[in-house]
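See structure below.
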Amino acid sequence: MNVDSIKNGIVIDHITAGLGMSVYNLLGLDSLDCPVAIIKNVASRKMGRKDIIKVDADIDLNLDILGYIDPGITVNYIKNSELVDKKSIELPERLVNVVKCKNPRCITTTEQELDHVFKLTDREKRVYRCIYCEVQAK
C-alpha cells in the first residue's frame with residue numbers, strides 16, 4: 001500500500017489499533033474538505049499494531065479529545081514536508097465539552113448553556129467525574 005507524504009498538515013500516530021475510526025469521528029475529520037488518510041493495523045515495533053491518521057491540512061486539533069480516547073497518541077506537525085513539532089499526548093486533567101453528563105438530575109441537563117466539565121479523579125483507571133454532580137463519565 002502506498003500513502004503519499006503530506007506537505008503541510010498533521011500526522012496522528014501511535015493510535016491503539018482499532019481506535020482510528022473513533023478518533024476520526026470524535027475530531028470531526030469527516031467534515032474536512034482536504035485529504036485525510038486512515039491507516040489501520042500498521043505494524044509497529046513499539047506497539048505491535050497501531051492506527052495512523054494523516055491530515056493534509058493545517059487544522060486545530062482538540063488534544064483533550066485525543067488524550068481522553070488514547071493517551072499514548074503522538075501528534076506530528078508537518079510544514080514544507082518536514083517535521084516541525086511533535087507532541088506526546090497524555091490524559092488531560094479536565095475535559096470541557098468532550099463528553100456529556102448522563103445524570104438526568106445534573107444542572108447541565110436543565111441549563112443548556114453550561115459547559116460539560118469533567119475532572120480526572122483516578123489517573124490509573126482513567127476515571128473522570130462531572131464537576132457539578134460527581135457522576136462518572138462513560
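Residues are referred to by chain and number: the chain letter is A, B, ... according to the order shown in the C-alpha cells, the number counts from 1 in that chain, and ligands are numbered separately from 1 in the order shown.
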message: Neighbouring residues of Cys34 (chain A) were defined as those with any atom within 8 Å, considering only C-alpha atoms; residues of the same chain fewer than 5 positions away were excluded. Please report them as a PyMOL selection string.
response: chain A and resi 55-57
Mind dumping a table of every region 51-115 of chain A residue within 9 Å of region 19-30 of chain A, with the nearest atom pair and its distance in Å to one decimal, using only C-alpha atoms, sorted by chain and rising number, as a Markdown table?
| residue | atom | partner | partner_atom | distance |
| --- | --- | --- | --- | --- |
| A:Asp51 | CA | A:Gly20 | CA | 5.5 |
| A:Ile52 | CA | A:Gly20 | CA | 6.8 |
| A:Ile53 | CA | A:Gly20 | CA | 7.0 |
| A:Val55 | CA | A:Leu29 | CA | 8.5 |
| A:Leu61 | CA | A:Leu27 | CA | 7.2 |
| A:Asn62 | CA | A:Leu27 | CA | 7.2 |
| A:Ile65 | CA | A:Leu27 | CA | 7.3 |
| A:Leu66 | CA | A:Val23 | CA | 7.0 |
| A:Ile69 | CA | A:Val23 | CA | 7.2 |
| A:Asp70 | CA | A:Leu19 | CA | 8.1 |
| A:Val98 | CA | A:Leu26 | CA | 8.7 |
C-alpha atoms of the current selection, written as an mmCIF file, in the first residue's frame:
data_model
loop_
_atom_site.group_PDB
_atom_site.id
_atom_site.type_symbol
_atom_site.label_atom_id
_atom_site.label_comp_id
_atom_site.auth_asym_id
_atom_site.auth_seq_id
_atom_site.Cartn_x
_atom_site.Cartn_y
_atom_site.Cartn_z
ATOM 1 C CA ASP A 51 -3.505 3.065 13.540
ATOM 2 C CA ILE A 52 -2.338 6.311 11.901
ATOM 3 C CA ILE A 53 -4.323 9.309 10.620
ATOM 4 C CA VAL A 55 -4.500 15.121 7.517
ATOM 5 C CA LEU A 61 -6.999 19.662 16.984
ATOM 6 C CA ASN A 62 -8.639 19.240 20.361
ATOM 7 C CA ILE A 65 -10.170 14.505 22.932
ATOM 8 C CA LEU A 66 -7.047 12.638 21.859
ATOM 9 C CA ILE A 69 -9.519 8.415 23.830
ATOM 10 C CA ASP A 70 -5.925 7.184 23.827
ATOM 11 C CA VAL A 98 -15.738 16.326 25.238
#
- request: Could you give me, as number ranges by chain, each residue of region 67-96 of chain A that DSSP assigns to strand (DSSP E) when run on this structure's backbone?
  value: A: 74-79, 82-88, 94-96
message: Taking 6 positions as the minimum chain separation for residues in the same chain, which residues sit within 9 Å of region 125-129 of chain A when counting only C-alpha atoms? Answer as a VMD selection string.
response: chain A and resid 68 91 93 to 95 101 117 to 119 135 to 138
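Closest approach to Lys46 (chain A) among A:Ile15, A:Cys133, A:Val84, A:Ile59: A:Ile15, based on only C-alpha atoms.
In this structure, CA of Ile131 (chain A) sits 8.4 Å away from CA of His116 (chain A).
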Distance of CA of Arg123 (chain A) from CA of Ala17 (chain A), expressed in Å to one decimal place: 21.7 Å
- prompt: Which polymer residues have any atom within 10 Å of an atom of Gly48 (chain A), counting only C-alpha atoms, with same-chain residues fewer than 6 positions away left out, as a PyMOL selection string?
  reply: chain A and resi 16-17+41-42
Atoms kept (all heavy atoms) for selection, written as an mmCIF file, in the first residue's frame:
data_model
loop_
_atom_site.group_PDB
_atom_site.id
_atom_site.type_symbol
_atom_site.label_atom_id
_atom_site.label_comp_id
_atom_site.auth_asym_id
_atom_site.auth_seq_id
_atom_site.Cartn_x
_atom_site.Cartn_y
_atom_site.Cartn_z
ATOM 1 N N THR A 16 -3.859 3.399 19.307
ATOM 2 C CA THR A 16 -4.066 1.982 19.588
ATOM 3 C C THR A 16 -4.858 1.362 18.441
ATOM 4 O O THR A 16 -5.858 1.934 17.988
ATOM 5 C CB THR A 16 -4.823 1.795 20.916
ATOM 6 O OG1 THR A 16 -4.037 2.376 21.963
ATOM 7 C CG2 THR A 16 -5.065 0.335 21.217
ATOM 8 N N ALA A 17 -4.408 0.203 17.956
ATOM 9 C CA ALA A 17 -5.065 -0.460 16.830
ATOM 10 C C ALA A 17 -6.558 -0.610 17.092
ATOM 11 O O ALA A 17 -6.973 -1.058 18.154
ATOM 12 C CB ALA A 17 -4.432 -1.824 16.583
ATOM 13 N N ASN A 41 -4.120 -0.916 11.500
ATOM 14 C CA ASN A 41 -3.336 -2.139 11.744
ATOM 15 C C ASN A 41 -1.960 -2.118 11.094
ATOM 16 O O ASN A 41 -1.524 -3.103 10.497
ATOM 17 C CB ASN A 41 -4.120 -3.376 11.304
ATOM 18 C CG ASN A 41 -5.342 -3.578 12.155
ATOM 19 O OD1 ASN A 41 -5.272 -3.471 13.375
ATOM 20 N ND2 ASN A 41 -6.464 -3.871 11.526
ATOM 21 N N VAL A 42 -1.268 -1.008 11.230
ATOM 22 C CA VAL A 42 0.094 -0.878 10.727
ATOM 23 C C VAL A 42 1.031 -1.588 11.705
ATOM 24 O O VAL A 42 0.874 -1.467 12.917
ATOM 25 C CB VAL A 42 0.482 0.617 10.615
ATOM 26 C CG1 VAL A 42 1.921 0.784 10.183
ATOM 27 C CG2 VAL A 42 -0.457 1.342 9.685
#
query: If you run DSSP on the backbone, which residues of chain A are alpha helix (DSSP H), as a ChimeraX atom specification?
result: /A:20-26,63-69,107-110
Using only N, CA and C atoms, please write the residues we just selected to a file, as an mmCIF file, in the first residue's frame.
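To be explicit, this is the file written out as part26.cif:
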data_model
loop_
_atom_site.group_PDB
_atom_site.id
_atom_site.type_symbol
_atom_site.label_atom_id
_atom_site.label_comp_id
_atom_site.auth_asym_id
_atom_site.auth_seq_id
_atom_site.Cartn_x
_atom_site.Cartn_y
_atom_site.Cartn_z
ATOM 1 N N GLY A 20 -8.664 4.113 15.476
ATOM 2 C CA GLY A 20 -8.520 5.146 14.453
ATOM 3 C C GLY A 20 -9.836 5.775 14.021
ATOM 4 N N MET A 21 -10.849 4.954 13.811
ATOM 5 C CA MET A 21 -12.153 5.498 13.387
ATOM 6 C C MET A 21 -12.818 6.314 14.497
ATOM 7 N N SER A 22 -12.639 5.915 15.748
ATOM 8 C CA SER A 22 -13.185 6.697 16.871
ATOM 9 C C SER A 22 -12.533 8.072 16.925
ATOM 10 N N VAL A 23 -11.220 8.114 16.752
ATOM 11 C CA VAL A 23 -10.506 9.388 16.725
ATOM 12 C C VAL A 23 -11.014 10.235 15.564
ATOM 13 N N TYR A 24 -11.126 9.640 14.396
ATOM 14 C CA TYR A 24 -11.612 10.322 13.186
ATOM 15 C C TYR A 24 -12.988 10.951 13.434
ATOM 16 N N ASN A 25 -13.896 10.174 14.005
ATOM 17 C CA ASN A 25 -15.266 10.660 14.233
ATOM 18 C C ASN A 25 -15.335 11.724 15.318
ATOM 19 N N LEU A 26 -14.676 11.507 16.452
ATOM 20 C CA LEU A 26 -14.753 12.471 17.553
ATOM 21 C C LEU A 26 -14.069 13.798 17.222
ATOM 22 N N LEU A 63 -6.684 18.484 21.564
ATOM 23 C CA LEU A 63 -5.776 17.491 22.130
ATOM 24 C C LEU A 63 -6.383 16.788 23.340
ATOM 25 N N ASP A 64 -7.357 17.432 24.000
ATOM 26 C CA ASP A 64 -8.043 16.788 25.122
ATOM 27 C C ASP A 64 -8.830 15.564 24.659
ATOM 28 N N ILE A 65 -9.443 15.657 23.477
ATOM 29 C CA ILE A 65 -10.170 14.505 22.932
ATOM 30 C C ILE A 65 -9.196 13.357 22.698
ATOM 31 N N LEU A 66 -8.045 13.674 22.119
ATOM 32 C CA LEU A 66 -7.047 12.638 21.859
ATOM 33 C C LEU A 66 -6.564 11.996 23.155
ATOM 34 N N GLY A 67 -6.303 12.808 24.168
ATOM 35 C CA GLY A 67 -5.847 12.290 25.448
ATOM 36 C C GLY A 67 -6.887 11.438 26.147
ATOM 37 N N TYR A 68 -8.150 11.795 25.980
ATOM 38 C CA TYR A 68 -9.243 11.030 26.591
ATOM 39 C C TYR A 68 -9.406 9.677 25.904
ATOM 40 N N ILE A 69 -9.335 9.663 24.584
ATOM 41 C CA ILE A 69 -9.519 8.415 23.830
ATOM 42 C C ILE A 69 -8.329 7.478 24.010
ATOM 43 N N ILE A 107 -27.177 19.672 36.713
ATOM 44 C CA ILE A 107 -27.554 21.027 36.296
ATOM 45 C C ILE A 107 -27.322 21.245 34.798
ATOM 46 N N THR A 108 -26.406 20.475 34.202
ATOM 47 C CA THR A 108 -26.153 20.629 32.763
ATOM 48 C C THR A 108 -27.335 20.162 31.918
ATOM 49 N N THR A 109 -28.229 19.377 32.519
ATOM 50 C CA THR A 109 -29.424 18.922 31.797
ATOM 51 C C THR A 109 -30.421 20.060 31.620
ATOM 52 N N THR A 110 -30.577 20.885 32.657
ATOM 53 C CA THR A 110 -31.561 21.972 32.588
ATOM 54 C C THR A 110 -30.952 23.288 32.112
#
message: Calculated over only C-alpha atoms, which of the candidates A:Ile12, A:Leu114, A:Asp60, A:Val36 has the smallest distance to Ile73 (chain A)?
response: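 Result for the nearest residue to Ile73 (chain A): A:Ile12.
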task: Report the distance between CA of Asp13 (chain A) and CA of Thr121 (chain A) in Å, rounded to one decimal place.
output: 26.8 Å
field: Which residue of A:Cys130, A:Ala43, A:Leu83, A:Ile78 approaches Asn8 (chain A) most closely, using only C-alpha atoms
entry: A:Ile78
- prompt: From the set A:Gly18, A:Pro104, A:Pro35, A:Pro71, which residue has the shortest atom-to-atom contact distance to Ser88 (chain A), counting only C-alpha atoms?
  reply: A:Pro71
